[in-house]
file model.cif (mmCIF, C-alpha atoms)
data_target
loop_
_atom_site.label_atom_id
_atom_site.label_comp_id
_atom_site.auth_asym_id
_atom_site.auth_seq_id
_atom_site.Cartn_x
_atom_site.Cartn_y
_atom_site.Cartn_z
CA MET A 796 21.01 48.92 -11.09
CA PHE A 797 21.58 45.18 -11.25
CA LYS A 798 25.36 45.51 -11.61
CA TRP A 799 25.98 43.65 -8.36
CA LEU A 800 24.01 40.69 -9.69
CA HIS A 801 26.15 40.21 -12.77
CA PRO A 802 29.04 38.34 -11.10
CA LEU A 803 26.45 35.80 -9.90
CA ALA A 804 25.81 34.76 -13.49
CA LYS A 805 29.34 33.31 -13.60
CA PRO A 806 29.37 29.66 -12.44
CA GLU A 807 32.84 29.88 -10.91
CA THR A 808 31.88 32.80 -8.63
CA VAL A 809 28.68 31.06 -7.50
CA TYR A 810 30.59 27.84 -6.87
CA GLN A 811 33.02 29.62 -4.57
CA LEU A 812 30.31 31.70 -2.87
CA CYS A 813 28.26 28.57 -2.12
CA GLY A 814 31.34 26.81 -0.83
CA ARG A 815 32.06 29.66 1.56
CA LEU A 816 28.45 29.95 2.77
CA TYR A 817 27.72 26.24 3.15
CA PRO A 818 29.57 25.43 6.44
CA TRP A 819 28.14 28.54 8.16
CA LEU A 820 24.62 27.86 6.96
CA LEU A 821 24.80 24.20 7.95
CA THR A 822 26.14 24.94 11.43
CA ALA A 823 23.53 27.64 12.01
CA ALA A 824 20.77 25.34 10.70
CA LEU A 825 21.74 22.46 12.99
CA LEU A 826 22.01 24.72 16.05
CA LEU A 827 18.68 26.42 15.36
CA LEU A 828 17.04 23.09 14.58
CA LEU A 829 18.25 21.58 17.86
CA LEU A 830 17.20 24.66 19.83
CA GLY A 831 13.81 25.14 18.19
CA ASN A 832 12.76 21.52 18.04
CA ILE A 833 13.93 20.47 21.51
CA TRP A 834 12.37 23.59 23.01
CA GLY A 835 9.18 23.09 21.04
CA LEU A 836 8.82 19.33 21.39
CA ALA A 837 9.91 18.94 25.01
CA PHE A 838 9.72 22.21 26.94
CA THR A 839 6.65 24.13 25.76
CA PRO A 840 3.43 23.74 27.77
CA PRO A 841 0.74 21.45 26.33
CA ASP A 842 -2.17 22.99 24.43
CA TYR A 843 -5.45 23.54 26.29
CA GLN A 844 -7.50 21.40 23.94
CA GLN A 845 -5.05 19.28 21.97
CA GLY A 846 -2.74 18.35 24.83
CA ASP A 847 0.65 17.17 23.66
CA SER A 848 -0.48 16.27 20.14
CA TYR A 849 -0.16 19.85 18.90
CA ARG A 850 3.65 19.70 19.35
CA ILE A 851 4.01 18.31 15.85
CA ILE A 852 3.27 21.92 14.79
CA HIS A 853 6.98 22.62 15.38
CA ILE A 854 7.82 20.39 12.40
CA HIS A 855 4.63 20.62 10.35
CA VAL A 856 4.39 24.41 10.07
CA PRO A 857 8.10 25.10 9.28
CA ALA A 858 8.08 22.37 6.61
CA ALA A 859 4.83 23.68 5.10
CA ILE A 860 5.94 27.33 5.05
CA MET A 861 9.32 26.46 3.55
CA SER A 862 7.77 24.10 0.98
CA MET A 863 6.14 27.24 -0.40
CA GLY A 864 9.26 29.35 0.17
CA ALA A 865 11.35 26.85 -1.78
CA TYR A 866 8.81 26.94 -4.59
CA SER A 867 8.97 30.74 -4.80
CA ALA A 868 12.77 30.58 -4.97
CA MET A 869 12.62 27.87 -7.63
CA ALA A 870 10.08 29.81 -9.69
CA ILE A 871 12.17 33.00 -9.56
CA ALA A 872 15.23 31.04 -10.67
CA ALA A 873 13.17 29.45 -13.46
CA PHE A 874 11.92 32.85 -14.58
CA VAL A 875 15.46 34.23 -14.75
CA ALA A 876 16.57 31.09 -16.57
CA LEU A 877 13.82 31.40 -19.17
CA VAL A 878 14.07 35.12 -19.88
CA TRP A 879 17.76 35.89 -19.40
CA GLN A 880 18.98 32.33 -20.03
CA VAL A 881 21.38 32.37 -17.12
CA LYS A 882 22.86 28.90 -16.77
CA VAL A 883 23.35 29.12 -12.99
CA ALA A 884 19.67 30.00 -12.58
CA GLN A 885 18.76 26.98 -14.71
CA TRP A 886 20.79 24.66 -12.52
CA SER A 887 19.33 26.27 -9.38
CA VAL A 888 15.84 25.18 -10.46
CA LEU A 889 16.91 21.55 -10.50
CA ALA A 890 18.93 22.02 -7.31
CA ILE A 891 15.91 23.34 -5.40
CA ALA A 892 13.20 21.00 -6.73
CA PRO A 893 14.06 17.82 -4.76
CA ILE A 894 14.58 19.81 -1.53
CA GLY A 895 11.19 21.46 -1.94
CA ALA A 896 9.60 18.11 -2.73
CA VAL A 897 10.97 16.60 0.50
CA TYR A 898 9.77 19.61 2.54
CA THR A 899 6.31 19.24 0.99
CA ALA A 900 6.29 15.51 1.75
CA ILE A 901 7.30 16.23 5.38
CA ALA A 902 4.47 18.77 5.66
CA LEU A 903 1.95 16.31 4.24
CA ILE A 904 3.08 13.33 6.33
CA THR A 905 3.28 15.25 9.63
CA GLY A 906 -0.07 16.81 8.78
CA MET A 907 -1.62 13.38 8.35
CA ALA A 908 -0.10 12.17 11.61
CA TRP A 909 -1.59 15.24 13.28
CA GLY A 910 -4.97 14.92 11.59
CA LYS A 911 -5.62 11.34 12.67
CA PRO A 912 -5.69 11.94 16.46
CA MET A 913 -7.19 15.46 16.32
CA TRP A 914 -9.62 15.53 13.40
CA GLY A 915 -10.24 11.80 13.38
CA THR A 916 -8.97 11.14 9.85
CA TRP A 917 -5.65 10.85 8.04
CA TRP A 918 -6.82 12.67 4.97
CA VAL A 919 -9.72 14.73 3.75
CA TRP A 920 -10.01 16.32 0.32
CA ASP A 921 -10.36 19.88 1.52
CA ALA A 922 -8.88 22.83 -0.35
CA ARG A 923 -5.75 23.22 1.82
CA LEU A 924 -4.71 19.57 1.79
CA THR A 925 -5.46 19.12 -1.91
CA SER A 926 -3.56 22.24 -3.00
CA GLU A 927 -0.54 21.20 -0.90
CA LEU A 928 -0.65 17.77 -2.57
CA ILE A 929 -0.72 19.54 -5.95
CA LEU A 930 2.42 21.40 -4.84
CA LEU A 931 4.14 18.04 -4.31
CA PHE A 932 3.04 16.95 -7.80
CA LEU A 933 4.38 20.22 -9.26
CA TYR A 934 7.79 19.53 -7.69
CA LEU A 935 7.75 15.94 -8.96
CA GLY A 936 6.63 17.23 -12.37
CA VAL A 937 9.57 19.66 -12.56
CA ILE A 938 12.00 16.87 -11.62
CA ALA A 939 10.44 14.41 -14.07
CA LEU A 940 10.20 16.86 -16.99
CA SER A 941 13.83 17.91 -16.66
CA GLY A 942 14.85 14.32 -17.26
CA ALA A 943 12.20 13.44 -19.83
CA PHE A 944 13.98 14.76 -22.93
CA SER A 945 17.05 13.31 -24.59
CA ASP A 946 18.28 16.88 -24.98
CA ARG A 947 19.03 18.16 -21.47
CA GLN A 948 18.59 21.81 -22.53
CA THR A 949 15.03 21.22 -23.76
CA GLY A 950 14.15 19.31 -20.61
CA ALA A 951 15.48 22.09 -18.40
CA LYS A 952 13.50 24.71 -20.33
CA VAL A 953 10.22 22.80 -20.15
CA ALA A 954 10.77 22.11 -16.44
CA SER A 955 11.41 25.82 -15.86
CA LEU A 956 8.21 26.75 -17.65
CA LEU A 957 6.24 24.35 -15.42
CA ALA A 958 7.97 25.81 -12.35
CA VAL A 959 6.98 29.36 -13.35
CA VAL A 960 3.41 28.43 -14.22
CA GLY A 961 2.96 26.47 -10.98
CA VAL A 962 3.35 29.70 -9.01
CA ILE A 963 -0.42 30.09 -9.43
CA ASN A 964 -0.79 27.35 -6.82
CA LEU A 965 0.98 29.33 -4.07
CA PRO A 966 -1.75 31.92 -3.40
CA VAL A 967 -4.31 29.13 -3.69
CA ILE A 968 -2.55 27.18 -0.90
CA HIS A 969 -2.16 30.28 1.24
CA PHE A 970 -5.71 31.58 0.93
CA SER A 971 -7.46 28.19 0.65
CA VAL A 972 -8.50 28.32 4.30
CA GLU A 973 -10.06 31.76 3.77
CA TRP A 974 -11.65 31.38 0.35
CA TRP A 975 -13.40 28.10 1.05
CA ASN A 976 -14.59 26.29 4.12
CA THR A 977 -12.11 23.59 5.01
CA LEU A 978 -11.37 21.14 7.80
CA HIS A 979 -7.91 22.67 8.10
CA GLN A 980 -7.86 25.63 10.50
CA GLY A 981 -6.79 29.13 9.50
CA ALA A 982 -3.31 30.58 9.84
CA SER A 983 -1.97 31.10 13.38
CA ILE A 984 0.81 33.44 12.32
CA THR A 985 0.12 36.21 9.83
CA LYS A 986 2.20 39.26 9.08
CA PHE A 987 -0.40 41.83 10.03
CA ALA A 988 -2.36 40.38 12.91
CA LYS A 989 -1.35 39.36 16.40
CA PRO A 990 -0.47 35.66 16.31
CA SER A 991 -3.19 33.45 17.76
CA ILE A 992 -0.62 31.22 19.40
CA ASP A 993 0.65 31.80 22.91
CA PRO A 994 4.14 33.44 23.11
CA SER A 995 5.50 30.43 25.03
CA MET A 996 4.73 28.28 21.96
CA LEU A 997 5.37 30.95 19.33
CA TRP A 998 9.10 31.48 19.98
CA PRO A 999 10.25 27.89 19.46
CA LEU A 1000 8.00 27.77 16.38
CA LEU A 1001 9.62 30.89 14.89
CA ILE A 1002 13.09 29.46 15.62
CA SER A 1003 12.12 26.18 13.93
CA ILE A 1004 10.84 28.07 10.89
CA LEU A 1005 14.15 29.94 10.66
CA ALA A 1006 16.02 26.64 11.13
CA PHE A 1007 14.15 25.00 8.24
CA LYS A 1008 14.87 28.05 6.09
CA VAL A 1009 18.61 28.09 6.83
CA LEU A 1010 18.80 24.32 6.36
CA MET A 1011 17.13 24.73 2.98
CA LEU A 1012 19.67 27.38 1.97
CA ALA A 1013 22.54 25.13 3.09
CA LEU A 1014 21.18 22.20 1.08
CA ILE A 1015 20.65 24.41 -1.98
CA CYS A 1016 24.31 25.55 -1.75
CA LEU A 1017 25.43 21.94 -1.58
CA ARG A 1018 23.31 20.79 -4.51
CA LEU A 1019 24.08 23.84 -6.64
CA ARG A 1020 27.82 23.30 -6.20
CA THR A 1021 27.47 19.72 -7.39
CA ALA A 1022 25.33 20.82 -10.34
CA ILE A 1023 27.89 23.46 -11.34
CA LEU A 1024 30.73 20.91 -11.20
CA VAL A 1025 28.81 18.35 -13.25
CA ASN A 1026 27.84 20.88 -15.92
CA GLU A 1027 31.20 22.66 -16.07
CA GLN A 1028 33.41 19.61 -15.78
CA HIS A 1029 35.20 20.29 -19.05
CA ARG A 1030 35.86 23.96 -18.32
CA PRO A 1031 39.42 25.05 -17.61
CA TRP A 1032 38.63 26.42 -14.12
CA VAL A 1033 37.22 23.08 -12.96
CA ARG A 1034 40.16 21.22 -14.48
CA ALA A 1035 42.60 23.60 -12.85
CA MET A 1036 40.91 23.12 -9.50
CA ALA A 1037 40.83 19.32 -9.88
CA GLY A 1038 44.50 19.37 -10.88
CA ASP A 1039 45.46 21.44 -7.88
CA GLN A 1040 43.98 19.08 -5.37
CA MET B 1355 16.82 45.14 -22.82
CA GLN B 1356 17.67 43.10 -25.90
CA PRO B 1357 14.74 42.47 -28.24
CA ARG B 1358 15.22 38.68 -27.88
CA ARG B 1359 14.98 38.86 -24.11
CA GLN B 1360 12.05 41.22 -24.37
CA LYS B 1361 10.27 38.71 -26.58
CA ARG B 1362 10.94 35.85 -24.15
CA LEU B 1363 9.83 37.99 -21.20
CA LEU B 1364 6.60 38.80 -23.01
CA ALA B 1365 6.02 35.15 -23.92
CA VAL B 1366 6.53 33.90 -20.35
CA LEU B 1367 4.35 36.63 -18.87
CA THR B 1368 1.61 35.90 -21.42
CA VAL B 1369 1.63 32.19 -20.63
CA VAL B 1370 1.52 32.83 -16.87
CA GLY B 1371 -1.14 35.53 -17.26
CA LEU B 1372 -3.43 33.40 -19.40
CA LEU B 1373 -3.08 30.35 -17.16
CA THR B 1374 -3.74 32.47 -14.06
CA GLY B 1375 -6.92 33.70 -15.72
CA ALA B 1376 -7.94 30.14 -16.62
CA VAL B 1377 -7.31 28.82 -13.11
CA ALA B 1378 -9.07 31.78 -11.51
CA ALA B 1379 -12.11 31.25 -13.75
CA MET B 1380 -12.11 27.53 -12.94
CA LEU B 1381 -11.85 28.07 -9.20
CA TYR B 1382 -14.59 30.69 -9.40
CA ALA B 1383 -16.86 28.34 -11.31
CA MET B 1384 -16.23 25.48 -8.88
CA GLN B 1385 -16.46 27.74 -5.81
CA GLN B 1386 -19.26 25.80 -4.18
CA ASN B 1387 -17.83 22.40 -5.02
CA ILE B 1388 -14.48 23.20 -3.42
CA ASP B 1389 -16.16 23.99 -0.10
CA LEU B 1390 -15.69 20.93 2.06
CA PHE B 1391 -19.04 21.13 3.81
CA TYR B 1392 -22.42 22.86 3.97
CA THR B 1393 -23.00 25.11 6.95
CA PRO B 1394 -26.42 24.72 8.60
CA SER B 1395 -27.59 28.04 7.08
CA GLN B 1396 -26.49 26.92 3.61
CA LEU B 1397 -28.34 23.64 4.08
CA VAL B 1398 -31.56 25.31 5.18
CA ASN B 1399 -31.53 28.52 3.10
CA GLY B 1400 -29.85 27.17 -0.01
CA LEU B 1401 -26.55 27.98 -1.71
CA GLY B 1402 -25.64 30.92 -3.90
CA GLU B 1403 -27.96 33.16 -5.90
CA LYS B 1404 -30.20 30.32 -7.06
CA GLN B 1405 -30.63 29.12 -3.48
CA THR B 1406 -30.08 25.51 -4.54
CA LYS B 1407 -30.79 23.17 -1.67
CA PRO B 1408 -29.47 19.63 -1.41
CA GLN B 1409 -32.12 16.92 -1.88
CA PRO B 1410 -32.97 14.34 0.81
CA GLY B 1411 -30.98 11.20 0.08
CA GLN B 1412 -27.98 13.20 -1.10
CA ARG B 1413 -24.57 12.43 0.42
CA LEU B 1414 -22.98 15.55 1.86
CA ARG B 1415 -20.87 17.01 4.62
CA ILE B 1416 -22.27 19.37 7.21
CA GLY B 1417 -20.08 21.56 9.39
CA GLY B 1418 -20.97 23.71 12.39
CA MET B 1419 -20.73 24.17 16.13
CA VAL B 1420 -22.24 21.57 18.44
CA VAL B 1421 -25.16 23.25 20.27
CA THR B 1422 -24.70 23.24 24.04
CA GLY B 1423 -27.03 20.75 25.71
CA SER B 1424 -28.05 19.06 22.46
CA VAL B 1425 -25.88 15.94 22.70
CA LYS B 1426 -28.07 12.89 23.38
CA ARG B 1427 -26.38 9.52 23.85
CA ASP B 1428 -28.19 6.19 23.77
CA PRO B 1429 -27.22 4.40 27.01
CA ASP B 1430 -27.25 0.95 25.37
CA SER B 1431 -25.31 1.60 22.16
CA LEU B 1432 -22.91 4.01 20.50
CA LYS B 1433 -25.80 5.93 18.95
CA VAL B 1434 -25.57 9.66 19.49
CA SER B 1435 -27.40 12.68 18.15
CA PHE B 1436 -26.52 16.35 18.39
CA ASP B 1437 -27.45 19.68 16.84
CA LEU B 1438 -25.16 21.87 14.73
CA VAL B 1439 -25.50 25.61 14.33
CA ASP B 1440 -23.61 28.45 12.64
CA THR B 1441 -25.56 31.72 12.50
CA GLY B 1442 -29.17 30.69 12.97
CA PRO B 1443 -30.68 27.51 11.53
CA ILE B 1444 -30.09 24.27 13.40
CA VAL B 1445 -29.38 20.90 11.80
CA THR B 1446 -29.59 17.61 13.69
CA VAL B 1447 -26.94 14.94 13.13
CA THR B 1448 -27.36 11.29 14.12
CA TYR B 1449 -24.34 9.02 14.30
CA GLU B 1450 -23.40 5.58 15.52
CA GLY B 1451 -19.74 5.14 16.40
CA ILE B 1452 -16.85 6.58 18.33
CA LEU B 1453 -16.57 10.36 18.35
CA PRO B 1454 -13.17 12.07 18.05
CA ASP B 1455 -11.42 13.13 21.27
CA LEU B 1456 -11.97 16.81 20.54
CA PHE B 1457 -15.75 16.35 20.27
CA ARG B 1458 -17.57 18.46 22.83
CA GLU B 1459 -20.34 21.02 23.08
CA GLY B 1460 -19.32 24.25 21.39
CA GLN B 1461 -16.70 22.48 19.24
CA GLY B 1462 -16.61 22.78 15.45
CA ILE B 1463 -17.58 19.49 13.81
CA VAL B 1464 -17.66 18.24 10.21
CA ALA B 1465 -19.97 15.26 9.67
CA GLN B 1466 -20.29 13.27 6.46
CA GLY B 1467 -23.50 11.39 5.77
CA VAL B 1468 -26.86 11.25 4.02
CA LEU B 1469 -29.46 14.00 4.23
CA LEU B 1470 -32.63 12.39 5.62
CA ASP B 1471 -34.95 15.39 5.54
CA ALA B 1472 -34.48 19.16 5.34
CA THR B 1473 -32.64 19.43 8.67
CA THR B 1474 -31.48 15.90 9.59
CA VAL B 1475 -28.23 14.22 8.54
CA ALA B 1476 -27.47 10.55 9.25
CA ALA B 1477 -23.68 10.69 9.57
CA THR B 1478 -21.26 7.90 8.72
CA GLU B 1479 -18.20 9.87 9.82
CA VAL B 1480 -17.77 12.67 12.36
CA LEU B 1481 -14.58 14.76 12.31
CA ALA B 1482 -13.51 17.43 14.80
CA LYS B 1483 -12.40 20.81 13.49
CA HIS B 1484 -10.17 22.82 15.78
CA ASP B 1485 -9.30 26.49 15.46
CA GLU B 1486 -5.90 28.10 14.98
CA GLU B 1487 -5.55 29.18 18.60
CA TYR B 1488 -2.93 27.43 20.68
CA MET B 1489 -2.33 28.22 24.35
CA PRO B 1490 -1.34 26.49 27.57
CA PRO B 1491 -4.24 25.18 29.70
CA GLU B 1492 -3.72 27.81 32.41
CA VAL B 1493 -3.96 30.62 29.86
CA ALA B 1494 -7.09 29.10 28.32
CA GLU B 1495 -8.67 28.85 31.75
CA ALA B 1496 -7.86 32.45 32.61
CA LEU B 1497 -8.81 33.77 29.19
CA LYS B 1498 -11.77 31.66 28.15
CA GLY B 1499 -12.85 29.88 31.30
CA ILE B 1500 -12.41 26.59 29.44
CA LYS B 1501 -11.53 23.49 31.36
CA HIS B 1502 -11.36 20.81 28.71
CA VAL B 1503 -11.17 17.21 29.76
CA PRO B 1504 -10.80 14.74 26.89
CA PRO B 1505 -13.51 12.03 26.87
CA SER B 1506 -10.90 9.37 27.60
CA ARG B 1507 -10.20 10.95 30.99
CA GLN B 1508 -13.69 12.00 31.91
CA VAL B 1509 -14.84 8.78 33.60
CA ASN B 1510 -11.91 7.67 35.71
CA GLN B 1511 -10.54 10.97 36.90
CA PRO B 1512 -13.38 13.49 37.04
CA ASP B 1513 -11.16 16.35 38.21
CA SER B 1514 -7.88 15.23 36.74
CA GLY B 1515 -6.51 18.67 36.11
CA SER B 1516 -6.74 21.33 33.62
CA TYR B 1517 -6.68 19.94 30.11
#
call {"tool": "encode", "arguments": {"input": "model.cif", "output": "structure tokens"}}
result
Amino acid sequence: MFKWLHPLAKPETVYQLCGRLYPWLLTAALLLLLLGNIWGLAFTPPDYQQGDSYRIIHIHVPAAIMSMGAYSAMAIAAFVALVWQVKVAQWSVLAIAPIGAVYTAIALITGMAWGKPMWGTWWVWDARLTSELILLFLYLGVIALSGAFSDRQTGAKVASLLAVVGVINLPVIHFSVEWWNTLHQGASITKFAKPSIDPSMLWPLLISILAFKVLMLALICLRLRTAILVNEQHRPWVRAMAGDQ
Amino acid sequence: MQPRRQKRLLAVLTVVGLLTGAVAAMLYAMQQNIDLFYTPSQLVNGLGEKQTKPQPGQRLRIGGMVVTGSVKRDPDSLKVSFDLVDTGPIVTVTYEGILPDLFREGQGIVAQGVLLDATTVAATEVLAKHDEEYMPPEVAEALKGIKHVPPSRQVNQPDSGSY
């Protein structure tokens, strides 16, 4: 059943696959990012109550959604690394963590910049904001733990365990605005209901979300390739490649 | 599956399962503390099964809709008072300071302050809560009949357009 996954456990195959995907992903990401953000920031109509301030949604929401998407990807990789001890999965965890951390920081900072003019405060300790901050700390924890042991293998294992356990935070972030009363508003886009955002604003937002996703994939490819080279530097295939060039 | 992998799978799932249970229990126990604010009904009728009510003098946040026609401004200072409502009971909030741009009658508001008596809060901070609906001004006008003019534009240009 999982036969097609097996080649992906081999570092050399993943290295080449990432190398082939990276330019396409990066080009697509930049095009989508330009389209979505310019459309969203400059050409959508202003909001009826927030005026032009709401436009930051075209950066805030994609970054926030993908901060959670990156965490899911990292946790799955960590789970595979822990149970099946696949080296590539292990390196993926550490390749994804800093990207996810930056996405989370972007979501938090743009959220604060949005909160000040609209709510009247930079920060409030409501459930949504606090759980998103915890997500940032989880990312930083994974990065810190992986480097906290003199034995790299142990560090990577402990970091993976934290990454898997931290998954508990994802539903808490997602449902925080429904489970508790918060200053943060509910979700505008859900899978099952009609979006509560006008189509003229929704399309650039969806494109921006896709752009952030593709950009994340491109960056993961880049970082994973580096990680593979660093970890496999003494292997014959790396030496052969380095000798060829 | 190899027994070693099976063992690791079981170990990881156990750790995640137990921690999920612990976090769920913690969040359940702290349910009322995680809520950012009291709604007017919670303030008046009490919270949870025990109907615990906050005591006068307690610092708290109150959140609700500003009752239409209840906003009273002092002409000589920044003092303002308004009523908040959710599903029935009404709580009065007094405040001295600048209100957020989104403040208006019918808007969701979260005020932090001290409970003076059963239904009065002396606020030190008033925050505006907006909903998750975004639409252009023309659509809002057609759909909701809303013609929102931010306070900063209300004085100089009384009919300065649609938002």
call {"tool": "closest_residue", "arguments": {"input": "model.cif", "among": "B:Thr1374, B:Thr1422, B:Gln1466, B:Asn1387", "to": "Val1447 (chain B)", "atoms": "all atoms listed in the file"}}
result
B:Gln1466
call {"tool": "axis_aligned_box", "arguments": {"input": "model.cif", "around": "region 1381-1386 of chain B", "padding_each_side": "8 Å", "output": "JSON"}}
result
{"center_x": -15.6, "center_y": 28.1, "center_z": -7.7, "size_x": 23.4, "size_y": 21.2, "size_z": 23.1}
call {"tool": "resolve_selection", "arguments": {"input": "model.cif", "expression": "the PyMOL selection byres ((chain B and resi 1451-1465) around 7)", "output": "MDAnalysis selection string"}}
result
(chainID A and resid 913:915) or (chainID B and resid 1415:1422 1432:1433 1449:1450 1466:1467 1477 1479:1484 1504:1505)
call {"tool": "interface_residues", "arguments": {"input": "model.cif", "of": "chain A", "to": "chain B", "cutoff": "7 Å", "atoms": "all atoms listed in the file", "output": "PyMOL selection string"}}
result
chain A and resi 840-844+846+878-879+913-915+921-922+960+963+975-978+980-983+991-993
call {"tool": "atom_distance", "arguments": {"input": "model.cif", "atom1": "CA of Trp920 (chain A)", "atom2": "CA of Met1011 (chain A)"}}
result
28.5 Å
call {"tool": "resolve_selection", "arguments": {"input": "model.cif", "expression": "the PyMOL selection byres ((chain A and resi 927) around 12)", "output": "ChimeraX atom specification"}}
result
/A:858-860,862-863,866,895-896,898-904,906,920-926,928-934,961,964-972,979
